[in-house]
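Enquirer: Here you go, this is target17.cif (mmCIF, C-alpha atoms).
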data_query
loop_
_atom_site.label_atom_id
_atom_site.label_comp_id
_atom_site.auth_asym_id
_atom_site.auth_seq_id
_atom_site.Cartn_x
_atom_site.Cartn_y
_atom_site.Cartn_z
CA MET A 1 9.58 -8.79 7.99
CA ARG A 2 11.37 -6.61 10.53
CA ASN A 3 14.43 -4.63 9.54
CA ARG A 4 16.99 -2.14 10.86
CA LEU A 5 16.72 0.21 7.93
CA LYS A 6 15.50 3.18 9.95
CA VAL A 7 18.29 2.78 12.51
CA LEU A 8 20.97 2.41 9.85
CA ARG A 9 19.65 5.44 8.00
CA ALA A 10 19.55 7.49 11.20
CA GLU A 11 23.14 6.50 12.01
CA ARG A 12 24.21 8.02 8.73
CA ASP A 13 21.93 11.02 9.18
CA TRP A 14 20.23 10.43 5.84
CA SER A 15 16.70 11.45 5.03
CA GLN A 16 14.31 8.95 3.45
CA ALA A 17 14.62 10.87 0.20
CA GLU A 18 18.42 10.64 0.28
CA LEU A 19 18.32 6.90 0.93
CA ALA A 20 15.73 6.48 -1.82
CA GLU A 21 17.96 8.35 -4.25
CA GLN A 22 20.93 6.12 -3.45
CA LEU A 23 18.88 2.95 -3.82
CA GLY A 24 17.16 4.17 -6.99
CA VAL A 25 13.69 3.74 -5.52
CA SER A 26 10.94 6.14 -4.47
CA ARG A 27 10.69 7.72 -1.02
CA GLN A 28 7.36 5.92 -0.65
CA THR A 29 9.17 2.61 -1.05
CA VAL A 30 11.77 3.49 1.59
CA ASN A 31 8.97 4.48 3.97
CA ALA A 32 7.08 1.21 3.32
CA LEU A 33 10.29 -0.79 3.87
CA GLU A 34 11.04 0.97 7.15
CA THR A 35 7.54 0.43 8.49
CA GLY A 36 7.62 -3.22 7.44
CA LYS A 37 4.68 -2.83 5.07
CA TYR A 38 6.69 -3.95 2.09
CA ASP A 39 9.34 -6.68 1.87
CA PRO A 40 12.03 -5.97 -0.72
CA SER A 41 12.94 -8.27 -3.57
CA LEU A 42 16.26 -10.08 -3.31
CA PRO A 43 18.05 -7.68 -5.70
CA LEU A 44 16.85 -4.66 -3.68
CA ALA A 45 17.80 -6.34 -0.40
CA PHE A 46 21.29 -6.91 -1.81
CA ARG A 47 21.50 -3.26 -2.91
CA ILE A 48 20.53 -2.17 0.62
CA ALA A 49 23.07 -4.52 2.19
CA ARG A 50 25.80 -3.29 -0.14
CA LEU A 51 24.95 0.35 0.57
CA PHE A 52 25.16 -0.12 4.34
CA GLY A 53 28.12 -2.49 4.07
CA ALA A 54 26.41 -5.17 6.15
CA PRO A 55 25.17 -8.72 5.50
CA ILE A 56 21.48 -9.00 4.57
CA GLU A 57 20.66 -11.10 7.65
CA THR A 58 21.90 -8.33 9.96
CA ILE A 59 19.53 -5.85 8.33
CA PHE A 60 16.45 -8.00 7.75
CA ASP A 61 14.93 -10.45 10.19
CA ASP A 62 11.98 -12.68 9.31
CA ALA A 63 11.75 -13.81 13.00
CA GLU A 64 11.83 -17.48 11.92
CA GLY A 65 15.38 -17.82 13.20
CA ALA A 66 14.33 -17.18 16.80
CA GLY A 67 15.27 -20.13 18.99
CA ALA A 68 17.60 -21.61 16.40
CA GLY A 69 20.52 -21.25 18.80
CA GLY A 70 22.29 -18.52 16.89
CA LEU A 71 22.31 -20.35 13.56
CA ASN A 72 21.52 -18.41 10.50
CA HIS A 73 18.32 -19.34 8.67
CA GLY A 74 20.04 -21.44 6.01
CA GLU A 75 21.80 -23.59 8.61
CA ALA A 76 18.66 -23.92 10.71
CA ARG A 77 16.65 -25.11 7.72
CA GLY A 78 19.40 -27.47 6.58
CA ARG A 79 19.19 -29.61 9.72
CA MET B 1 -1.67 19.27 -8.34
CA LYS B 2 0.77 16.62 -9.57
CA ARG B 3 0.33 14.56 -6.39
CA TRP B 4 -3.42 14.57 -6.94
CA LEU B 5 -2.93 13.71 -10.59
CA THR B 6 -0.71 10.73 -9.89
CA CYS B 7 -2.71 9.56 -6.84
CA GLY B 8 0.46 10.20 -4.82
CA MET B 9 2.64 7.85 -6.88
CA GLU B 10 6.26 8.98 -6.84
CA ALA B 11 8.85 7.43 -9.10
CA GLY B 12 12.41 7.21 -7.79
CA THR B 13 13.92 9.70 -10.22
CA PRO B 14 12.83 13.13 -11.55
CA GLU B 15 12.60 11.62 -15.02
CA GLY B 16 10.36 8.89 -13.66
CA ARG B 17 8.15 11.39 -11.87
CA ARG B 18 7.69 13.29 -15.14
CA ALA B 19 6.88 10.02 -16.94
CA VAL B 20 4.19 9.11 -14.38
CA VAL B 21 2.62 12.59 -14.56
CA ARG B 22 2.65 12.34 -18.37
CA LEU B 23 0.93 8.94 -18.14
CA MET B 24 -1.84 10.31 -15.94
CA TRP B 25 -2.45 13.26 -18.29
CA TRP B 26 -2.66 10.77 -21.15
CA MET B 27 -5.20 8.69 -19.25
CA ILE B 28 -7.43 11.72 -18.60
CA ALA B 29 -7.06 13.16 -22.11
CA LEU B 30 -7.59 9.78 -23.72
CA SER B 31 -10.76 9.10 -21.76
CA VAL B 32 -12.28 12.35 -23.03
CA VAL B 33 -10.94 12.09 -26.60
CA VAL B 34 -11.98 8.45 -27.09
CA VAL B 35 -15.51 8.95 -25.78
CA VAL B 36 -16.04 12.02 -28.02
CA ALA B 37 -14.36 10.36 -31.02
CA MET B 38 -16.48 7.21 -30.62
CA GLU B 39 -19.66 9.25 -30.71
CA ILE B 40 -18.50 11.16 -33.80
CA SER B 41 -17.37 8.01 -35.63
CA ALA B 42 -20.64 6.23 -34.80
CA ARG B 43 -22.59 9.14 -36.29
CA VAL B 44 -20.37 9.19 -39.39
CA VAL B 45 -20.82 5.44 -39.90
CA ARG B 46 -24.60 5.72 -39.48
CA ALA B 47 -24.78 8.64 -41.92
CA ASN B 48 -22.70 6.80 -44.56
CA GLU B 49 -24.15 3.32 -44.70
CA GLY B 50 -23.65 3.21 -48.47
CA ILE B 51 -19.83 3.29 -48.36
CA PRO B 52 -17.81 0.02 -48.54
CA GLY B 53 -17.55 -2.06 -45.36
CA VAL B 54 -13.78 -1.66 -45.14
CA TRP B 55 -14.10 2.12 -44.91
CA ARG B 56 -16.91 1.86 -42.41
CA ALA B 57 -14.75 -0.43 -40.29
CA LEU B 58 -11.80 1.98 -40.50
CA ILE B 59 -13.99 4.93 -39.47
CA ALA B 60 -15.49 2.90 -36.63
CA LEU B 61 -12.04 1.89 -35.34
CA ALA B 62 -10.39 5.30 -35.82
CA PRO B 63 -11.12 6.44 -32.22
CA LEU B 64 -8.83 3.67 -31.00
CA ALA B 65 -5.74 5.23 -32.63
CA PRO B 66 -4.73 7.22 -29.51
CA PHE B 67 -4.43 3.92 -27.63
CA VAL B 68 -1.18 3.23 -29.53
CA GLY B 69 0.32 6.40 -28.07
CA MET B 70 -0.99 5.53 -24.63
CA ILE B 71 0.60 2.08 -24.70
CA ALA B 72 3.96 3.69 -25.56
CA VAL B 73 3.57 6.19 -22.69
CA PHE B 74 2.56 3.33 -20.36
CA ALA B 75 5.67 1.35 -21.25
CA ARG B 76 7.93 4.34 -20.66
CA ALA B 77 6.28 5.25 -17.36
CA TYR B 78 6.40 1.71 -15.97
CA LYS B 79 10.10 1.46 -16.78
CA HIS B 80 10.71 4.27 -14.29
CA LEU B 81 8.67 2.79 -11.45
CA ASP B 82 10.45 0.83 -8.74
CA GLU B 83 9.36 -2.66 -7.68
CA MET B 84 6.91 -1.55 -5.00
CA LEU B 85 5.22 0.98 -7.25
CA VAL B 86 4.89 -1.65 -10.00
CA ARG B 87 3.32 -3.99 -7.44
CA MET B 88 0.91 -1.22 -6.37
CA GLN B 89 -0.04 -0.64 -9.99
CA PHE B 90 -0.57 -4.36 -10.50
CA GLU B 91 -2.81 -4.61 -7.44
CA ALA B 92 -4.77 -1.48 -8.45
CA LEU B 93 -5.28 -2.88 -11.96
CA ALA B 94 -6.35 -6.25 -10.55
CA TYR B 95 -8.95 -4.60 -8.29
CA THR B 96 -10.07 -2.41 -11.20
CA LEU B 97 -10.54 -5.47 -13.41
CA GLY B 98 -12.51 -7.26 -10.71
CA LEU B 99 -14.77 -4.28 -10.00
CA VAL B 100 -15.36 -3.59 -13.69
CA ILE B 101 -16.36 -7.23 -14.25
CA VAL B 102 -18.77 -7.10 -11.29
CA VAL B 103 -20.33 -3.83 -12.53
CA VAL B 104 -20.58 -5.01 -16.16
CA VAL B 105 -22.05 -8.42 -15.31
CA GLY B 106 -24.38 -6.87 -12.71
CA TRP B 107 -25.50 -4.22 -15.19
CA GLY B 108 -26.10 -6.94 -17.80
CA GLN B 109 -28.26 -8.90 -15.39
CA LEU B 110 -30.32 -5.85 -14.43
CA GLN B 111 -30.55 -4.92 -18.11
CA GLN B 112 -32.03 -8.35 -18.89
CA ALA B 113 -34.49 -7.81 -16.05
CA LYS B 114 -35.38 -4.54 -17.81
CA LEU B 115 -34.41 -2.51 -14.75
CA LEU B 116 -31.53 -0.63 -16.40
CA PRO B 117 -31.18 0.87 -19.89
CA MET B 118 -28.95 -0.52 -22.66
CA VAL B 119 -25.40 0.84 -22.48
CA GLU B 120 -22.74 0.49 -25.16
CA VAL B 121 -19.89 -1.92 -24.41
CA SER B 122 -17.39 0.86 -25.19
CA MET B 123 -18.39 2.57 -21.94
CA VAL B 124 -16.24 -0.02 -20.14
CA TRP B 125 -13.14 2.07 -20.86
CA PRO B 126 -14.27 5.28 -19.09
CA LEU B 127 -15.69 3.11 -16.29
CA ALA B 128 -12.30 1.41 -15.83
CA ALA B 129 -10.53 4.78 -15.88
CA PHE B 130 -12.80 6.13 -13.13
CA VAL B 131 -12.53 2.97 -11.01
CA TYR B 132 -8.74 2.77 -11.36
CA ALA B 133 -7.96 6.03 -9.49
CA PRO B 134 -9.77 5.12 -6.22
CA CYS B 135 -8.31 1.60 -6.44
CA LEU B 136 -4.80 3.04 -6.70
CA LEU B 137 -5.47 5.35 -3.75
CA ALA B 138 -6.77 2.43 -1.67
CA VAL B 139 -3.72 0.28 -2.50
CA ARG B 140 -1.42 3.20 -1.74
CA ARG B 141 -2.91 3.57 1.73
CA ARG B 142 -2.01 -0.02 2.54
CA TYR B 143 1.66 0.65 1.93
CA LYS B 144 1.71 4.04 3.68
#
Please rewrite the model in this file as structure tokens.

Expert:
Amino acid sequence: MRNRLKVLRAERDWSQAELAEQLGVSRQTVNALETGKYDPSLPLAFRIARLFGAPIETIFDDAEGAGAGGLNHGEARGR
Amino acid sequence: MKRWLTCGMEAGTPEGRRAVVRLMWWMIALSVVVVVAMEISARVVRANEGIPGVWRALIALAPLAPFVGMIAVFARAYKHLDEMLVRMQFEALAYTLGLVIVVVVGWGQLQQAKLLPMVEVSMVWPLAAFVYAPCLLAVRRRYK
């Protein structure tokens, strides 16, 4: 799953360690999230969204929504 | 030193990092203590075959006492790991279990074919301990 974690972190000028501290996870985990090697659980995704003050779907993108005409994933699946 | 000891595992908090380091020291110390204690207890049991069975059983099982402490340390260490580190541990333990089964069954087969000597079942523990570290390192590389 792709995400904008690295960009959001850079905008705030935080190091991986600082972000890890705020999320209560290890720096290794932040690195794996940023490189897309690990997908977070829902609770962690919510913590990330809350920390950056943005909806989850603007941070994480599973690429399944492509071509759905701008609908979010829930709407696209509901049709 | 600590990075080598923990195979590079970092908990999210300083307290967690200490707990993981403590766990790894326990694993190393326990491997040595249990192997030595098993040998001593086996000798004691062999030398005292006249004593009641209950006492012989207690002496034979005495080397397992440190495992109680290790389980407590395990529980405390895992509480401090975040979700990805827990997943890494789970994967490393799963690979360890698989490899240990392959080695034990393979050894048993070769033993029946009289190609390898008899080895005590209790050697599974040190084998698992030695297989676990490379498995954890391999899993860690996947998430790096």

Enquirer: Show me, as a compact mmCIF listing (two decimals) with C-alpha atoms, keeping the file's coordinate frame, the residues that have an atom within 9 Å of B:Leu64 when counting all atoms listed in the file, minus same-chain residues fewer than 4 positions from it.

Expert:
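Result saved to selection.txt:
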# COMPACT_ATOMS: atom_id res chain seq x y z
CA VAL B 34 -11.98 8.45 -27.09
CA ALA B 37 -14.36 10.36 -31.02
CA MET B 38 -16.48 7.21 -30.62
CA ALA B 60 -15.49 2.90 -36.63
CA VAL B 68 -1.18 3.23 -29.53

Enquirer: Counting only C-alpha atoms, which of B:Leu110, B:Met84, B:Val102, B:Val35 gets nearest to chain A?

Expert: B:Met84

Enquirer: Between atom CA of B:Val104 and atom CA of B:Val124, measure the distance and give it in Å to one decimal.

Expert: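 Separating atom CA of B:Val104 from atom CA of B:Val124 is a distance of 7.7 Å.
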
Enquirer: Which residues are close to B:Ile28, i.e. within 12 Å by all atoms listed in the file, leaving aside same-chain residues fewer than 6 positions away? Reply as a list of chain:residue names.

Expert: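 In the requested form, the answer reads B:Leu5, B:Thr6, B:Val21, B:Arg22, B:Val34, B:Val35, B:Met70, B:Trp125, B:Pro126, B:Ala128, B:Ala129, B:Phe130, B:Tyr132, B:Ala133.
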
Enquirer: One decimal, Å: what's the distance from atom CA of B:Pro52 over to atom CA of B:Phe67, could you say?

Expert: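 Here the two named atoms are 25.1 Å from each other.
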
Enquirer: Can you turn the PyMOL selection byres ((chain B and resi 134) around 12) into a concrete residue list for this file, as a short mmCIF file (atom, residue, chain, number, x, y, z; two decimals) with C-alpha atoms, in the coordinates of the input?

Expert:
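Final file, part.cif:
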data_model
loop_
_atom_site.label_atom_id
_atom_site.label_comp_id
_atom_site.auth_asym_id
_atom_site.auth_seq_id
_atom_site.Cartn_x
_atom_site.Cartn_y
_atom_site.Cartn_z
CA TRP B 4 -3.42 14.57 -6.94
CA LEU B 5 -2.93 13.71 -10.59
CA THR B 6 -0.71 10.73 -9.89
CA CYS B 7 -2.71 9.56 -6.84
CA GLY B 8 0.46 10.20 -4.82
CA GLN B 89 -0.04 -0.64 -9.99
CA ALA B 92 -4.77 -1.48 -8.45
CA LEU B 93 -5.28 -2.88 -11.96
CA TYR B 95 -8.95 -4.60 -8.29
CA THR B 96 -10.07 -2.41 -11.20
CA LEU B 99 -14.77 -4.28 -10.00
CA LEU B 127 -15.69 3.11 -16.29
CA ALA B 128 -12.30 1.41 -15.83
CA ALA B 129 -10.53 4.78 -15.88
CA PHE B 130 -12.80 6.13 -13.13
CA VAL B 131 -12.53 2.97 -11.01
CA TYR B 132 -8.74 2.77 -11.36
CA ALA B 133 -7.96 6.03 -9.49
CA CYS B 135 -8.31 1.60 -6.44
CA LEU B 136 -4.80 3.04 -6.70
CA LEU B 137 -5.47 5.35 -3.75
CA ALA B 138 -6.77 2.43 -1.67
CA VAL B 139 -3.72 0.28 -2.50
CA ARG B 140 -1.42 3.20 -1.74
CA ARG B 141 -2.91 3.57 1.73
#

Enquirer: Check which residues satisfy the PyMOL selection byres ((chain A) within 12 of (chain B)) in the file shown, then give them as a PyMOL selection string.

Expert: chain A and resi 16-45

Enquirer: Keeping N, CA, C and O atoms, write stretch 72-96 of chain B of the structure just shown out as an mmCIF file, in the first residue's frame.

Expert:
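The result, stored in result-v2.cif:
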data_model
loop_
_atom_site.group_PDB
_atom_site.id
_atom_site.type_symbol
_atom_site.label_atom_id
_atom_site.label_comp_id
_atom_site.auth_asym_id
_atom_site.auth_seq_id
_atom_site.Cartn_x
_atom_site.Cartn_y
_atom_site.Cartn_z
ATOM 1 N N ALA B 72 7.947 -15.059 32.112
ATOM 2 C CA ALA B 72 7.571 -13.738 32.657
ATOM 3 C C ALA B 72 8.295 -12.623 31.899
ATOM 4 O O ALA B 72 7.691 -11.598 31.548
ATOM 5 N N VAL B 73 9.592 -12.836 31.621
ATOM 6 C CA VAL B 73 10.374 -11.824 30.892
ATOM 7 C C VAL B 73 9.839 -11.684 29.464
ATOM 8 O O VAL B 73 9.709 -10.577 28.939
ATOM 9 N N PHE B 74 9.485 -12.810 28.849
ATOM 10 C CA PHE B 74 8.893 -12.810 27.509
ATOM 11 C C PHE B 74 7.639 -11.941 27.486
ATOM 12 O O PHE B 74 7.477 -11.074 26.627
ATOM 13 N N ALA B 75 6.751 -12.201 28.444
ATOM 14 C CA ALA B 75 5.471 -11.478 28.488
ATOM 15 C C ALA B 75 5.701 -9.981 28.613
ATOM 16 O O ALA B 75 5.054 -9.177 27.941
ATOM 17 N N ARG B 76 6.661 -9.614 29.480
ATOM 18 C CA ARG B 76 6.934 -8.177 29.684
ATOM 19 C C ARG B 76 7.544 -7.552 28.441
ATOM 20 O O ARG B 76 7.211 -6.436 28.062
ATOM 21 N N ALA B 77 8.451 -8.284 27.793
ATOM 22 C CA ALA B 77 9.119 -7.745 26.600
ATOM 23 C C ALA B 77 8.121 -7.566 25.459
ATOM 24 O O ALA B 77 8.121 -6.536 24.780
ATOM 25 N N TYR B 78 7.257 -8.555 25.252
ATOM 26 C CA TYR B 78 6.319 -8.491 24.135
ATOM 27 C C TYR B 78 5.305 -7.366 24.300
ATOM 28 O O TYR B 78 4.827 -6.809 23.322
ATOM 29 N N LYS B 79 5.007 -7.035 25.564
ATOM 30 C CA LYS B 79 4.066 -5.944 25.831
ATOM 31 C C LYS B 79 4.604 -4.619 25.288
ATOM 32 O O LYS B 79 3.857 -3.724 24.948
ATOM 33 N N HIS B 80 5.933 -4.516 25.225
ATOM 34 C CA HIS B 80 6.553 -3.255 24.792
ATOM 35 C C HIS B 80 6.795 -3.192 23.286
ATOM 36 O O HIS B 80 7.214 -2.163 22.779
ATOM 37 N N LEU B 81 6.587 -4.307 22.597
ATOM 38 C CA LEU B 81 6.843 -4.295 21.153
ATOM 39 C C LEU B 81 5.632 -3.745 20.410
ATOM 40 O O LEU B 81 4.494 -4.018 20.791
ATOM 41 N N ASP B 82 5.891 -2.996 19.340
ATOM 42 C CA ASP B 82 4.755 -2.502 18.556
ATOM 43 C C ASP B 82 4.285 -3.602 17.597
ATOM 44 O O ASP B 82 4.877 -4.679 17.521
ATOM 45 N N GLU B 83 3.208 -3.300 16.853
ATOM 46 C CA GLU B 83 2.556 -4.351 16.056
ATOM 47 C C GLU B 83 3.471 -4.976 15.003
ATOM 48 O O GLU B 83 3.405 -6.178 14.759
ATOM 49 N N MET B 84 4.345 -4.161 14.391
ATOM 50 C CA MET B 84 5.214 -4.743 13.365
ATOM 51 C C MET B 84 6.275 -5.644 13.992
ATOM 52 O O MET B 84 6.598 -6.709 13.449
ATOM 53 N N LEU B 85 6.794 -5.223 15.134
ATOM 54 C CA LEU B 85 7.818 -6.041 15.790
ATOM 55 C C LEU B 85 7.222 -7.356 16.290
ATOM 56 O O LEU B 85 7.873 -8.396 16.235
ATOM 57 N N VAL B 86 5.974 -7.308 16.761
ATOM 58 C CA VAL B 86 5.302 -8.542 17.189
ATOM 59 C C VAL B 86 5.132 -9.468 15.983
ATOM 60 O O VAL B 86 5.361 -10.675 16.065
ATOM 61 N N ARG B 87 4.748 -8.878 14.854
ATOM 62 C CA ARG B 87 4.578 -9.673 13.629
ATOM 63 C C ARG B 87 5.908 -10.311 13.205
ATOM 64 O O ARG B 87 5.969 -11.469 12.798
ATOM 65 N N MET B 88 7.001 -9.513 13.324
ATOM 66 C CA MET B 88 8.322 -10.043 12.981
ATOM 67 C C MET B 88 8.680 -11.210 13.888
ATOM 68 O O MET B 88 9.210 -12.231 13.434
ATOM 69 N N GLN B 89 8.390 -11.037 15.186
ATOM 70 C CA GLN B 89 8.680 -12.119 16.133
ATOM 71 C C GLN B 89 7.874 -13.363 15.778
ATOM 72 O O GLN B 89 8.385 -14.480 15.818
ATOM 73 N N PHE B 90 6.605 -13.154 15.440
ATOM 74 C CA PHE B 90 5.732 -14.273 15.095
ATOM 75 C C PHE B 90 6.282 -15.021 13.876
ATOM 76 O O PHE B 90 6.374 -16.248 13.876
ATOM 77 N N GLU B 91 6.664 -14.254 12.864
ATOM 78 C CA GLU B 91 7.202 -14.889 11.650
ATOM 79 C C GLU B 91 8.497 -15.636 11.950
ATOM 80 O O GLU B 91 8.701 -16.757 11.480
ATOM 81 N N ALA B 92 9.376 -14.983 12.760
ATOM 82 C CA ALA B 92 10.656 -15.626 13.099
ATOM 83 C C ALA B 92 10.405 -16.920 13.867
ATOM 84 O O ALA B 92 11.060 -17.941 13.606
ATOM 85 N N LEU B 93 9.447 -16.890 14.792
ATOM 86 C CA LEU B 93 9.143 -18.103 15.570
ATOM 87 C C LEU B 93 8.528 -19.183 14.684
ATOM 88 O O LEU B 93 8.795 -20.367 14.868
ATOM 89 N N ALA B 94 7.709 -18.768 13.719
ATOM 90 C CA ALA B 94 7.091 -19.734 12.809
ATOM 91 C C ALA B 94 8.174 -20.417 11.962
ATOM 92 O O ALA B 94 8.168 -21.643 11.798
ATOM 93 N N TYR B 95 9.117 -19.625 11.429
ATOM 94 C CA TYR B 95 10.208 -20.212 10.644
ATOM 95 C C TYR B 95 11.073 -21.127 11.521
ATOM 96 O O TYR B 95 11.509 -22.187 11.081
ATOM 97 N N THR B 96 11.309 -20.659 12.767
ATOM 98 C CA THR B 96 12.115 -21.462 13.689
ATOM 99 C C THR B 96 11.451 -22.818 13.912
ATOM 100 O O THR B 96 12.108 -23.856 13.834
#
